[in-house]
Structure formats: C-alpha cells, structure tokens
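Pasted below: model09.pdb, PDB, N, CA and C atoms, pLDDT in the B column.
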```
ATOM      1  N   MET A   1      -4.401 -23.450  -1.051  1.00 49.00           N
ATOM      2  CA  MET A   1      -3.774 -22.161  -0.837  1.00 49.00           C
ATOM      3  C   MET A   1      -2.962 -22.228   0.454  1.00 49.00           C
ATOM      4  N   TYR A   2      -1.717 -21.847   0.391  1.00 62.00           N
ATOM      5  CA  TYR A   2      -0.853 -21.866   1.561  1.00 62.00           C
ATOM      6  C   TYR A   2      -1.221 -20.743   2.516  1.00 62.00           C
ATOM      7  N   LYS A   3      -0.747 -20.884   3.766  1.00 62.00           N
ATOM      8  CA  LYS A   3      -1.062 -19.886   4.789  1.00 62.00           C
ATOM      9  C   LYS A   3      -0.614 -18.485   4.351  1.00 62.00           C
ATOM     10  N   ASN A   4       0.592 -18.375   3.815  1.00 83.00           N
ATOM     11  CA  ASN A   4       1.104 -17.079   3.392  1.00 83.00           C
ATOM     12  C   ASN A   4       0.256 -16.493   2.270  1.00 83.00           C
ATOM     13  N   GLN A   5      -0.146 -17.328   1.315  1.00 86.00           N
ATOM     14  CA  GLN A   5      -0.989 -16.844   0.221  1.00 86.00           C
ATOM     15  C   GLN A   5      -2.345 -16.397   0.747  1.00 86.00           C
ATOM     16  N   TYR A   6      -2.895 -17.140   1.679  1.00 88.00           N
ATOM     17  CA  TYR A   6      -4.190 -16.759   2.246  1.00 88.00           C
ATOM     18  C   TYR A   6      -4.071 -15.450   3.008  1.00 88.00           C
ATOM     19  N   GLN A   7      -2.985 -15.293   3.750  1.00 91.00           N
ATOM     20  CA  GLN A   7      -2.775 -14.051   4.498  1.00 91.00           C
ATOM     21  C   GLN A   7      -2.672 -12.859   3.540  1.00 91.00           C
ATOM     22  N   MET A   8      -1.927 -13.007   2.463  1.00 92.00           N
ATOM     23  CA  MET A   8      -1.811 -11.926   1.477  1.00 92.00           C
ATOM     24  C   MET A   8      -3.160 -11.665   0.800  1.00 92.00           C
ATOM     25  N   TYR A   9      -3.937 -12.724   0.592  1.00 93.00           N
ATOM     26  CA  TYR A   9      -5.279 -12.571   0.020  1.00 93.00           C
ATOM     27  C   TYR A   9      -6.156 -11.719   0.943  1.00 93.00           C
ATOM     28  N   THR A  10      -6.114 -11.989   2.243  1.00 93.00           N
ATOM     29  CA  THR A  10      -6.945 -11.210   3.176  1.00 93.00           C
ATOM     30  C   THR A  10      -6.478  -9.750   3.235  1.00 93.00           C
ATOM     31  N   TYR A  11      -5.165  -9.527   3.169  1.00 93.00           N
ATOM     32  CA  TYR A  11      -4.654  -8.148   3.124  1.00 93.00           C
ATOM     33  C   TYR A  11      -5.105  -7.456   1.836  1.00 93.00           C
ATOM     34  N   ALA A  12      -5.040  -8.177   0.722  1.00 94.00           N
ATOM     35  CA  ALA A  12      -5.441  -7.607  -0.564  1.00 94.00           C
ATOM     36  C   ALA A  12      -6.916  -7.209  -0.546  1.00 94.00           C
ATOM     37  N   ILE A  13      -7.743  -8.034   0.067  1.00 95.00           N
ATOM     38  CA  ILE A  13      -9.179  -7.703   0.167  1.00 95.00           C
ATOM     39  C   ILE A  13      -9.384  -6.447   1.011  1.00 95.00           C
ATOM     40  N   GLN A  14      -8.643  -6.328   2.101  1.00 94.00           N
ATOM     41  CA  GLN A  14      -8.771  -5.137   2.951  1.00 94.00           C
ATOM     42  C   GLN A  14      -8.366  -3.879   2.189  1.00 94.00           C
ATOM     43  N   LEU A  15      -7.285  -3.961   1.425  1.00 93.00           N
ATOM     44  CA  LEU A  15      -6.855  -2.807   0.629  1.00 93.00           C
ATOM     45  C   LEU A  15      -7.883  -2.460  -0.441  1.00 93.00           C
ATOM     46  N   TYR A  16      -8.416  -3.491  -1.088  1.00 93.00           N
ATOM     47  CA  TYR A  16      -9.434  -3.269  -2.123  1.00 93.00           C
ATOM     48  C   TYR A  16     -10.671  -2.594  -1.535  1.00 93.00           C
ATOM     49  N   ARG A  17     -11.096  -3.042  -0.383  1.00 93.00           N
ATOM     50  CA  ARG A  17     -12.264  -2.431   0.278  1.00 93.00           C
ATOM     51  C   ARG A  17     -12.006  -0.983   0.671  1.00 93.00           C
ATOM     52  N   ALA A  18     -10.744  -0.651   0.897  1.00 91.00           N
ATOM     53  CA  ALA A  18     -10.390   0.726   1.248  1.00 91.00           C
ATOM     54  C   ALA A  18     -10.211   1.606   0.010  1.00 91.00           C
ATOM     55  N   GLY A  19     -10.403   1.024  -1.182  1.00 90.00           N
ATOM     56  CA  GLY A  19     -10.341   1.812  -2.403  1.00 90.00           C
ATOM     57  C   GLY A  19      -9.022   1.759  -3.149  1.00 90.00           C
ATOM     58  N   ILE A  20      -8.127   0.859  -2.771  1.00 91.00           N
ATOM     59  CA  ILE A  20      -6.844   0.730  -3.447  1.00 91.00           C
ATOM     60  C   ILE A  20      -6.950  -0.383  -4.490  1.00 91.00           C
ATOM     61  N   SER A  21      -6.488  -0.121  -5.702  1.00 92.00           N
ATOM     62  CA  SER A  21      -6.525  -1.121  -6.771  1.00 92.00           C
ATOM     63  C   SER A  21      -5.386  -2.112  -6.592  1.00 92.00           C
ATOM     64  N   VAL A  22      -5.731  -3.347  -6.289  1.00 94.00           N
ATOM     65  CA  VAL A  22      -4.735  -4.400  -6.102  1.00 94.00           C
ATOM     66  C   VAL A  22      -4.520  -5.096  -7.431  1.00 94.00           C
ATOM     67  N   ARG A  23      -3.283  -5.172  -7.852  1.00 94.00           N
ATOM     68  CA  ARG A  23      -2.963  -5.800  -9.127  1.00 94.00           C
ATOM     69  C   ARG A  23      -2.683  -7.293  -8.964  1.00 94.00           C
ATOM     70  N   ARG A  24      -1.902  -7.671  -7.933  1.00 93.00           N
ATOM     71  CA  ARG A  24      -1.636  -9.080  -7.651  1.00 93.00           C
ATOM     72  C   ARG A  24      -1.184  -9.242  -6.205  1.00 93.00           C
ATOM     73  N   TYR A  25      -1.223 -10.468  -5.729  1.00 91.00           N
ATOM     74  CA  TYR A  25      -0.820 -10.762  -4.358  1.00 91.00           C
ATOM     75  C   TYR A  25      -0.261 -12.173  -4.298  1.00 91.00           C
ATOM     76  N   GLY A  26       0.430 -12.462  -3.206  1.00 85.00           N
ATOM     77  CA  GLY A  26       0.985 -13.789  -2.967  1.00 85.00           C
ATOM     78  C   GLY A  26       2.469 -13.722  -2.690  1.00 85.00           C
ATOM     79  N   ALA A  27       3.005 -14.813  -2.167  1.00 82.00           N
ATOM     80  CA  ALA A  27       4.444 -14.944  -1.889  1.00 82.00           C
ATOM     81  C   ALA A  27       4.970 -13.790  -1.032  1.00 82.00           C
ATOM     82  N   GLY A  28       4.196 -13.367  -0.063  1.00 84.00           N
ATOM     83  CA  GLY A  28       4.655 -12.346   0.872  1.00 84.00           C
ATOM     84  C   GLY A  28       4.596 -10.916   0.388  1.00 84.00           C
ATOM     85  N   ARG A  29       3.902 -10.657  -0.697  1.00 87.00           N
ATOM     86  CA  ARG A  29       3.815  -9.272  -1.183  1.00 87.00           C
ATOM     87  C   ARG A  29       2.492  -9.013  -1.884  1.00 87.00           C
ATOM     88  N   ILE A  30       2.167  -7.735  -1.954  1.00 90.00           N
ATOM     89  CA  ILE A  30       0.985  -7.274  -2.667  1.00 90.00           C
ATOM     90  C   ILE A  30       1.436  -6.144  -3.586  1.00 90.00           C
ATOM     91  N   THR A  31       0.997  -6.198  -4.832  1.00 90.00           N
ATOM     92  CA  THR A  31       1.287  -5.129  -5.784  1.00 90.00           C
ATOM     93  C   THR A  31      -0.009  -4.354  -6.003  1.00 90.00           C
ATOM     94  N   ALA A  32       0.073  -3.042  -5.780  1.00 89.00           N
ATOM     95  CA  ALA A  32      -1.111  -2.197  -5.912  1.00 89.00           C
ATOM     96  C   ALA A  32      -0.803  -1.005  -6.805  1.00 89.00           C
ATOM     97  N   VAL A  33      -1.845  -0.473  -7.410  1.00 88.00           N
ATOM     98  CA  VAL A  33      -1.736   0.729  -8.228  1.00 88.00           C
ATOM     99  C   VAL A  33      -2.083   1.916  -7.342  1.00 88.00           C
ATOM    100  N   VAL A  34      -1.116   2.811  -7.194  1.00 82.00           N
ATOM    101  CA  VAL A  34      -1.301   3.979  -6.324  1.00 82.00           C
ATOM    102  C   VAL A  34      -1.377   5.224  -7.194  1.00 82.00           C
ATOM    103  N   PRO A  35      -2.466   5.983  -7.082  1.00 78.00           N
ATOM    104  CA  PRO A  35      -2.566   7.221  -7.866  1.00 78.00           C
ATOM    105  C   PRO A  35      -1.415   8.177  -7.545  1.00 78.00           C
ATOM    106  N   LYS A  36      -0.944   8.866  -8.546  1.00 73.00           N
ATOM    107  CA  LYS A  36       0.156   9.812  -8.364  1.00 73.00           C
ATOM    108  C   LYS A  36      -0.215  10.859  -7.307  1.00 73.00           C
ATOM    109  N   TYR A  37       0.721  11.161  -6.448  1.00 72.00           N
ATOM    110  CA  TYR A  37       0.564  12.136  -5.360  1.00 72.00           C
ATOM    111  C   TYR A  37      -0.443  11.687  -4.304  1.00 72.00           C
ATOM    112  N   ASN A  38      -0.746  10.401  -4.253  1.00 77.00           N
ATOM    113  CA  ASN A  38      -1.664   9.894  -3.233  1.00 77.00           C
ATOM    114  C   ASN A  38      -0.965   8.851  -2.370  1.00 77.00           C
ATOM    115  N   TYR A  39       0.359   8.957  -2.273  1.00 77.00           N
ATOM    116  CA  TYR A  39       1.121   7.984  -1.515  1.00 77.00           C
ATOM    117  C   TYR A  39       0.748   7.976  -0.040  1.00 77.00           C
ATOM    118  N   ARG A  40       0.579   9.138   0.539  1.00 79.00           N
ATOM    119  CA  ARG A  40       0.310   9.229   1.985  1.00 79.00           C
ATOM    120  C   ARG A  40      -0.944   8.438   2.344  1.00 79.00           C
ATOM    121  N   HIS A  41      -2.025   8.630   1.616  1.00 83.00           N
ATOM    122  CA  HIS A  41      -3.290   7.958   1.895  1.00 83.00           C
ATOM    123  C   HIS A  41      -3.121   6.435   1.815  1.00 83.00           C
ATOM    124  N   CYS A  42      -2.514   5.963   0.759  1.00 83.00           N
ATOM    125  CA  CYS A  42      -2.318   4.518   0.586  1.00 83.00           C
ATOM    126  C   CYS A  42      -1.356   3.960   1.618  1.00 83.00           C
ATOM    127  N   TYR A  43      -0.324   4.710   1.943  1.00 81.00           N
ATOM    128  CA  TYR A  43       0.643   4.291   2.957  1.00 81.00           C
ATOM    129  C   TYR A  43      -0.039   4.125   4.315  1.00 81.00           C
ATOM    130  N   GLU A  44      -0.905   5.068   4.672  1.00 85.00           N
ATOM    131  CA  GLU A  44      -1.607   4.995   5.952  1.00 85.00           C
ATOM    132  C   GLU A  44      -2.583   3.817   5.997  1.00 85.00           C
ATOM    133  N   ILE A  45      -3.270   3.561   4.901  1.00 88.00           N
ATOM    134  CA  ILE A  45      -4.192   2.418   4.852  1.00 88.00           C
ATOM    135  C   ILE A  45      -3.411   1.114   4.978  1.00 88.00           C
ATOM    136  N   ALA A  46      -2.344   0.981   4.216  1.00 87.00           N
ATOM    137  CA  ALA A  46      -1.536  -0.241   4.266  1.00 87.00           C
ATOM    138  C   ALA A  46      -0.959  -0.463   5.662  1.00 87.00           C
ATOM    139  N   SER A  47      -0.496   0.595   6.296  1.00 85.00           N
ATOM    140  CA  SER A  47       0.042   0.477   7.651  1.00 85.00           C
ATOM    141  C   SER A  47      -1.036   0.081   8.652  1.00 85.00           C
ATOM    142  N   SER A  48      -2.237   0.610   8.461  1.00 89.00           N
ATOM    143  CA  SER A  48      -3.314   0.319   9.418  1.00 89.00           C
ATOM    144  C   SER A  48      -3.769  -1.137   9.368  1.00 89.00           C
ATOM    145  N   VAL A  49      -3.605  -1.813   8.211  1.00 89.00           N
ATOM    146  CA  VAL A  49      -3.984  -3.230   8.135  1.00 89.00           C
ATOM    147  C   VAL A  49      -2.823  -4.143   8.495  1.00 89.00           C
ATOM    148  N   GLY A  50      -1.635  -3.566   8.730  1.00 88.00           N
ATOM    149  CA  GLY A  50      -0.508  -4.361   9.185  1.00 88.00           C
ATOM    150  C   GLY A  50       0.559  -4.641   8.144  1.00 88.00           C
ATOM    151  N   LEU A  51       0.511  -3.939   7.020  1.00 88.00           N
ATOM    152  CA  LEU A  51       1.511  -4.141   5.972  1.00 88.00           C
ATOM    153  C   LEU A  51       2.645  -3.133   6.102  1.00 88.00           C
ATOM    154  N   LEU A  52       3.790  -3.500   5.586  1.00 81.00           N
ATOM    155  CA  LEU A  52       4.938  -2.609   5.542  1.00 81.00           C
ATOM    156  C   LEU A  52       5.137  -2.166   4.106  1.00 81.00           C
ATOM    157  N   ALA A  53       5.427  -0.902   3.922  1.00 74.00           N
ATOM    158  CA  ALA A  53       5.660  -0.370   2.576  1.00 74.00           C
ATOM    159  C   ALA A  53       7.143  -0.467   2.245  1.00 74.00           C
ATOM    160  N   PRO A  54       7.467  -0.555   0.958  1.00 73.00           N
ATOM    161  CA  PRO A  54       8.882  -0.519   0.570  1.00 73.00           C
ATOM    162  C   PRO A  54       9.511   0.808   1.002  1.00 73.00           C
ATOM    163  N   PRO A  55      10.801   0.819   1.305  1.00 71.00           N
ATOM    164  CA  PRO A  55      11.460   2.062   1.749  1.00 71.00           C
ATOM    165  C   PRO A  55      11.313   3.219   0.780  1.00 71.00           C
ATOM    166  N   THR A  56      11.226   2.943  -0.519  1.00 70.00           N
ATOM    167  CA  THR A  56      11.095   4.035  -1.494  1.00 70.00           C
ATOM    168  C   THR A  56       9.766   4.765  -1.321  1.00 70.00           C
ATOM    169  N   VAL A  57       8.716   4.050  -0.941  1.00 68.00           N
ATOM    170  CA  VAL A  57       7.416   4.690  -0.727  1.00 68.00           C
ATOM    171  C   VAL A  57       7.485   5.592   0.496  1.00 68.00           C
ATOM    172  N   SER A  58       8.150   5.129   1.562  1.00 65.00           N
ATOM    173  CA  SER A  58       8.306   5.954   2.755  1.00 65.00           C
ATOM    174  C   SER A  58       9.030   7.247   2.428  1.00 65.00           C
ATOM    175  N   THR A  59      10.058   7.166   1.596  1.00 71.00           N
ATOM    176  CA  THR A  59      10.798   8.359   1.177  1.00 71.00           C
ATOM    177  C   THR A  59       9.916   9.278   0.352  1.00 71.00           C
ATOM    178  N   ASP A  60       9.137   8.719  -0.571  1.00 67.00           N
ATOM    179  CA  ASP A  60       8.243   9.523  -1.401  1.00 67.00           C
ATOM    180  C   ASP A  60       7.196  10.241  -0.562  1.00 67.00           C
ATOM    181  N   VAL A  61       6.688   9.593   0.472  1.00 68.00           N
ATOM    182  CA  VAL A  61       5.703  10.222   1.361  1.00 68.00           C
ATOM    183  C   VAL A  61       6.342  11.415   2.056  1.00 68.00           C
ATOM    184  N   GLY A  62       7.558  11.247   2.533  1.00 70.00           N
ATOM    185  CA  GLY A  62       8.256  12.353   3.191  1.00 70.00           C
ATOM    186  C   GLY A  62       8.510  13.517   2.260  1.00 70.00           C
ATOM    187  N   ILE A  63       8.896  13.238   1.030  1.00 70.00           N
ATOM    188  CA  ILE A  63       9.148  14.291   0.040  1.00 70.00           C
ATOM    189  C   ILE A  63       7.852  15.033  -0.281  1.00 70.00           C
ATOM    190  N   GLN A  64       6.753  14.310  -0.449  1.00 67.00           N
ATOM    191  CA  GLN A  64       5.469  14.956  -0.735  1.00 67.00           C
ATOM    192  C   GLN A  64       5.036  15.852   0.418  1.00 67.00           C
ATOM    193  N   ASP A  65       5.282  15.422   1.656  1.00 69.00           N
ATOM    194  CA  ASP A  65       4.945  16.261   2.808  1.00 69.00           C
ATOM    195  C   ASP A  65       5.737  17.556   2.794  1.00 69.00           C
ATOM    196  N   GLU A  66       7.029  17.468   2.454  1.00 69.00           N
ATOM    197  CA  GLU A  66       7.856  18.664   2.388  1.00 69.00           C
ATOM    198  C   GLU A  66       7.380  19.623   1.304  1.00 69.00           C
ATOM    199  N   ILE A  67       7.032  19.087   0.145  1.00 67.00           N
ATOM    200  CA  ILE A  67       6.547  19.920  -0.958  1.00 67.00           C
ATOM    201  C   ILE A  67       5.263  20.633  -0.572  1.00 67.00           C
ATOM    202  N   GLN A  68       4.357  19.923   0.099  1.00 68.00           N
ATOM    203  CA  GLN A  68       3.076  20.514   0.481  1.00 68.00           C
ATOM    204  C   GLN A  68       3.250  21.598   1.532  1.00 68.00           C
ATOM    205  N   ARG A  69       4.265  21.500   2.361  1.00 72.00           N
ATOM    206  CA  ARG A  69       4.508  22.547   3.373  1.00 72.00           C
ATOM    207  C   ARG A  69       4.877  23.879   2.718  1.00 72.00           C
ATOM    208  N   TYR A  70       5.610  23.800   1.614  1.00 71.00           N
ATOM    209  CA  TYR A  70       6.077  25.017   0.954  1.00 71.00           C
ATOM    210  C   TYR A  70       5.166  25.499  -0.161  1.00 71.00           C
ATOM    211  N   ALA A  71       4.137  24.708  -0.465  1.00 58.00           N
ATOM    212  CA  ALA A  71       3.228  25.099  -1.558  1.00 58.00           C
ATOM    213  C   ALA A  71       2.235  26.140  -1.118  1.00 58.00           C
TER     214      ALA A  71
END
```
Output the structure of this file as structure tokens.
Amino acid sequence: MYKNQYQMYTYAIQLYRAGISVRRYGAGRITAVVPKYNYRHCYEIASSVGLLAPPTVSTDVGIQDEIQRYA
C-alpha cells in the first residue's frame, strides 16, 4: 500500500468511526454517502480530521444554513 493510499485509509477509518458511510478511498480522495440535509455535520467532521470538501459541498452547506435561518 502506497503512502497516499494508507493516508486515505486512515482518514476513511476516522470518518467511519464518526458515523459516516465510506464507500471507497484511495488516490487522494474518499467517497462517502452523506444523508440528505446532513451536509453541515459531515463537512465539520471531514474538516476536523484534515480533509477538504469539494466546492459544491461548501456551497450546499451555505445554502442549507440560509434555508434554516428563514424556516
């Protein structure tokens, strides 16, 4: 296992332990299943372990925050 694959493996384990369903990992990325409307929680967990989210997820988190303010 290469260093990058091992690093993604350790990140995947941390996400799994935090309750996020990891679908696959390796080659510098992790694919996870995120429950609908639960982006903020998963985004915060991923950030806390040192991962960066795709820009679309950051936008979705912002939109959900705006919706919740007016709900």
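Of the listed residues (A:Ala12, A:Leu51, A:Cys42, A:Tyr37), A:Tyr37 comes nearest to Ile63 (chain A); the distances count only C-alpha atoms.
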* Structure fact -> Correct to one decimal, the distance atom C of Gly28 (chain A)-atom N of Thr59 (chain A) is 18.9 Å
* From the list A:Ile45, A:Ile30, A:Gln5, A:Pro55, which residue is nearest Ala18 (chain A) when using only N, CA and C atoms? ->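 Closest to Ala18 (chain A), using only N, CA and C atoms: A:Ile45.
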* Counting only C-alpha atoms, write as a PyMOL selection string all protein and nucleic acid residues lying at most 8 Å from (-4.1, 0.7, 1.6) in the file's frame. => chain A and resi 14-16+18-20+41-49
* Find, counting only C-alpha atoms, the residue in A:Ser21, A:Thr31, A:Asn4, A:Thr10 that gets nearest to Ala53 (chain A). =>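 Under the stated criterion, the closest residue is A:Thr31.
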* **Every residue of chain A that DSSP places in helix (DSSP H, G or I), as number ranges by chain** => A: 3-17, 39-49, 55-70
* Asked: Between atom N of Tyr6 (chain A) and atom N of Lys36 (chain A), what is the distance, to one decimal in Å?
  -> 28.0 Å
* Asked: Separation of CA of Tyr39 (chain A) and CA of Thr56 (chain A), in Å?
  ->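 Calculated distance between CA of Tyr39 (chain A) and CA of Thr56 (chain A) is 10.7 Å.
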* Hey, which of A:Leu52, A:Gln7, A:Gly62, A:Ile13 ends up closest to Ala27 (chain A)? Count only C-alpha atoms. ->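 Of the candidates, the smallest distance to Ala27 (chain A) is held by A:Gln7.
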Kindly complete region 38-49 of chain A to all heavy atoms; the output should be written as a PDB file, keeping the file's coordinate frame.
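This is the output file part-v5.pdb:
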```pdb
ATOM      1  N   ASN A  38      -0.746  10.401  -4.253  1.00 77.00           N
ATOM      2  CA  ASN A  38      -1.664   9.894  -3.233  1.00 77.00           C
ATOM      3  C   ASN A  38      -0.965   8.851  -2.370  1.00 77.00           C
ATOM      4  O   ASN A  38      -1.609   7.976  -1.812  1.00 77.00           O
ATOM      5  CB  ASN A  38      -2.900   9.290  -3.908  1.00 77.00           C
ATOM      6  CG  ASN A  38      -4.086   9.238  -2.973  1.00 77.00           C
ATOM      7  OD1 ASN A  38      -4.062   9.835  -1.903  1.00 77.00           O
ATOM      8  ND2 ASN A  38      -5.104   8.522  -3.363  1.00 77.00           N
ATOM      9  N   TYR A  39       0.359   8.957  -2.273  1.00 77.00           N
ATOM     10  CA  TYR A  39       1.121   7.984  -1.515  1.00 77.00           C
ATOM     11  C   TYR A  39       0.748   7.976  -0.040  1.00 77.00           C
ATOM     12  O   TYR A  39       0.640   6.920   0.572  1.00 77.00           O
ATOM     13  CB  TYR A  39       2.622   8.231  -1.628  1.00 77.00           C
ATOM     14  CG  TYR A  39       3.174   8.059  -3.015  1.00 77.00           C
ATOM     15  CD1 TYR A  39       3.941   9.045  -3.605  1.00 77.00           C
ATOM     16  CD2 TYR A  39       2.946   6.895  -3.729  1.00 77.00           C
ATOM     17  CE1 TYR A  39       4.465   8.891  -4.872  1.00 77.00           C
ATOM     18  CE2 TYR A  39       3.460   6.724  -5.003  1.00 77.00           C
ATOM     19  CZ  TYR A  39       4.220   7.723  -5.555  1.00 77.00           C
ATOM     20  OH  TYR A  39       4.731   7.556  -6.814  1.00 77.00           O
ATOM     21  N   ARG A  40       0.579   9.138   0.539  1.00 79.00           N
ATOM     22  CA  ARG A  40       0.310   9.229   1.985  1.00 79.00           C
ATOM     23  C   ARG A  40      -0.944   8.438   2.344  1.00 79.00           C
ATOM     24  O   ARG A  40      -0.936   7.653   3.286  1.00 79.00           O
ATOM     25  CB  ARG A  40       0.183  10.691   2.402  1.00 79.00           C
ATOM     26  CG  ARG A  40      -0.550  10.953   3.681  1.00 79.00           C
ATOM     27  CD  ARG A  40       0.185  10.830   4.976  1.00 79.00           C
ATOM     28  NE  ARG A  40       1.407  11.534   5.089  1.00 79.00           N
ATOM     29  CZ  ARG A  40       2.366  11.130   5.915  1.00 79.00           C
ATOM     30  NH1 ARG A  40       2.206  10.048   6.640  1.00 79.00           N
ATOM     31  NH2 ARG A  40       3.482  11.786   6.016  1.00 79.00           N
ATOM     32  N   HIS A  41      -2.025   8.630   1.616  1.00 83.00           N
ATOM     33  CA  HIS A  41      -3.290   7.958   1.895  1.00 83.00           C
ATOM     34  C   HIS A  41      -3.121   6.435   1.815  1.00 83.00           C
ATOM     35  O   HIS A  41      -3.525   5.705   2.720  1.00 83.00           O
ATOM     36  CB  HIS A  41      -4.363   8.429   0.916  1.00 83.00           C
ATOM     37  CG  HIS A  41      -5.666   7.739   1.048  1.00 83.00           C
ATOM     38  ND1 HIS A  41      -6.491   7.892   2.138  1.00 83.00           N
ATOM     39  CD2 HIS A  41      -6.285   6.850   0.233  1.00 83.00           C
ATOM     40  CE1 HIS A  41      -7.556   7.136   1.984  1.00 83.00           C
ATOM     41  NE2 HIS A  41      -7.460   6.489   0.831  1.00 83.00           N
ATOM     42  N   CYS A  42      -2.514   5.963   0.759  1.00 83.00           N
ATOM     43  CA  CYS A  42      -2.318   4.518   0.586  1.00 83.00           C
ATOM     44  C   CYS A  42      -1.356   3.960   1.618  1.00 83.00           C
ATOM     45  O   CYS A  42      -1.549   2.855   2.128  1.00 83.00           O
ATOM     46  CB  CYS A  42      -1.810   4.226  -0.822  1.00 83.00           C
ATOM     47  SG  CYS A  42      -3.051   4.630  -2.073  1.00 83.00           S
ATOM     48  N   TYR A  43      -0.324   4.710   1.943  1.00 81.00           N
ATOM     49  CA  TYR A  43       0.643   4.291   2.957  1.00 81.00           C
ATOM     50  C   TYR A  43      -0.039   4.125   4.315  1.00 81.00           C
ATOM     51  O   TYR A  43       0.193   3.141   5.021  1.00 81.00           O
ATOM     52  CB  TYR A  43       1.762   5.330   3.039  1.00 81.00           C
ATOM     53  CG  TYR A  43       2.834   5.017   4.041  1.00 81.00           C
ATOM     54  CD1 TYR A  43       3.817   4.080   3.755  1.00 81.00           C
ATOM     55  CD2 TYR A  43       2.882   5.674   5.259  1.00 81.00           C
ATOM     56  CE1 TYR A  43       4.814   3.798   4.668  1.00 81.00           C
ATOM     57  CE2 TYR A  43       3.870   5.403   6.179  1.00 81.00           C
ATOM     58  CZ  TYR A  43       4.841   4.460   5.882  1.00 81.00           C
ATOM     59  OH  TYR A  43       5.821   4.198   6.793  1.00 81.00           O
ATOM     60  N   GLU A  44      -0.905   5.068   4.672  1.00 85.00           N
ATOM     61  CA  GLU A  44      -1.607   4.995   5.952  1.00 85.00           C
ATOM     62  C   GLU A  44      -2.583   3.817   5.997  1.00 85.00           C
ATOM     63  O   GLU A  44      -2.686   3.140   7.014  1.00 85.00           O
ATOM     64  CB  GLU A  44      -2.339   6.302   6.234  1.00 85.00           C
ATOM     65  CG  GLU A  44      -1.392   7.432   6.577  1.00 85.00           C
ATOM     66  CD  GLU A  44      -2.085   8.769   6.717  1.00 85.00           C
ATOM     67  OE1 GLU A  44      -3.296   8.862   6.444  1.00 85.00           O
ATOM     68  OE2 GLU A  44      -1.395   9.734   7.084  1.00 85.00           O
ATOM     69  N   ILE A  45      -3.270   3.561   4.901  1.00 88.00           N
ATOM     70  CA  ILE A  45      -4.192   2.418   4.852  1.00 88.00           C
ATOM     71  C   ILE A  45      -3.411   1.114   4.978  1.00 88.00           C
ATOM     72  O   ILE A  45      -3.773   0.236   5.765  1.00 88.00           O
ATOM     73  CB  ILE A  45      -5.020   2.430   3.556  1.00 88.00           C
ATOM     74  CG1 ILE A  45      -6.014   3.588   3.589  1.00 88.00           C
ATOM     75  CG2 ILE A  45      -5.756   1.113   3.376  1.00 88.00           C
ATOM     76  CD1 ILE A  45      -6.728   3.821   2.283  1.00 88.00           C
ATOM     77  N   ALA A  46      -2.344   0.981   4.216  1.00 87.00           N
ATOM     78  CA  ALA A  46      -1.536  -0.241   4.266  1.00 87.00           C
ATOM     79  C   ALA A  46      -0.959  -0.463   5.662  1.00 87.00           C
ATOM     80  O   ALA A  46      -0.967  -1.581   6.181  1.00 87.00           O
ATOM     81  CB  ALA A  46      -0.421  -0.178   3.234  1.00 87.00           C
ATOM     82  N   SER A  47      -0.496   0.595   6.296  1.00 85.00           N
ATOM     83  CA  SER A  47       0.042   0.477   7.651  1.00 85.00           C
ATOM     84  C   SER A  47      -1.036   0.081   8.652  1.00 85.00           C
ATOM     85  O   SER A  47      -0.786  -0.696   9.570  1.00 85.00           O
ATOM     86  CB  SER A  47       0.675   1.795   8.090  1.00 85.00           C
ATOM     87  OG  SER A  47       1.765   2.099   7.266  1.00 85.00           O
ATOM     88  N   SER A  48      -2.237   0.610   8.461  1.00 89.00           N
ATOM     89  CA  SER A  48      -3.314   0.319   9.418  1.00 89.00           C
ATOM     90  C   SER A  48      -3.769  -1.137   9.368  1.00 89.00           C
ATOM     91  O   SER A  48      -4.248  -1.662  10.363  1.00 89.00           O
ATOM     92  CB  SER A  48      -4.509   1.247   9.182  1.00 89.00           C
ATOM     93  OG  SER A  48      -5.166   0.914   7.984  1.00 89.00           O
ATOM     94  N   VAL A  49      -3.605  -1.813   8.211  1.00 89.00           N
ATOM     95  CA  VAL A  49      -3.984  -3.230   8.135  1.00 89.00           C
ATOM     96  C   VAL A  49      -2.823  -4.143   8.495  1.00 89.00           C
ATOM     97  O   VAL A  49      -2.986  -5.351   8.554  1.00 89.00           O
ATOM     98  CB  VAL A  49      -4.569  -3.621   6.753  1.00 89.00           C
ATOM     99  CG1 VAL A  49      -5.814  -2.832   6.448  1.00 89.00           C
ATOM    100  CG2 VAL A  49      -3.548  -3.516   5.651  1.00 89.00           C
TER     101      VAL A  49
END
```
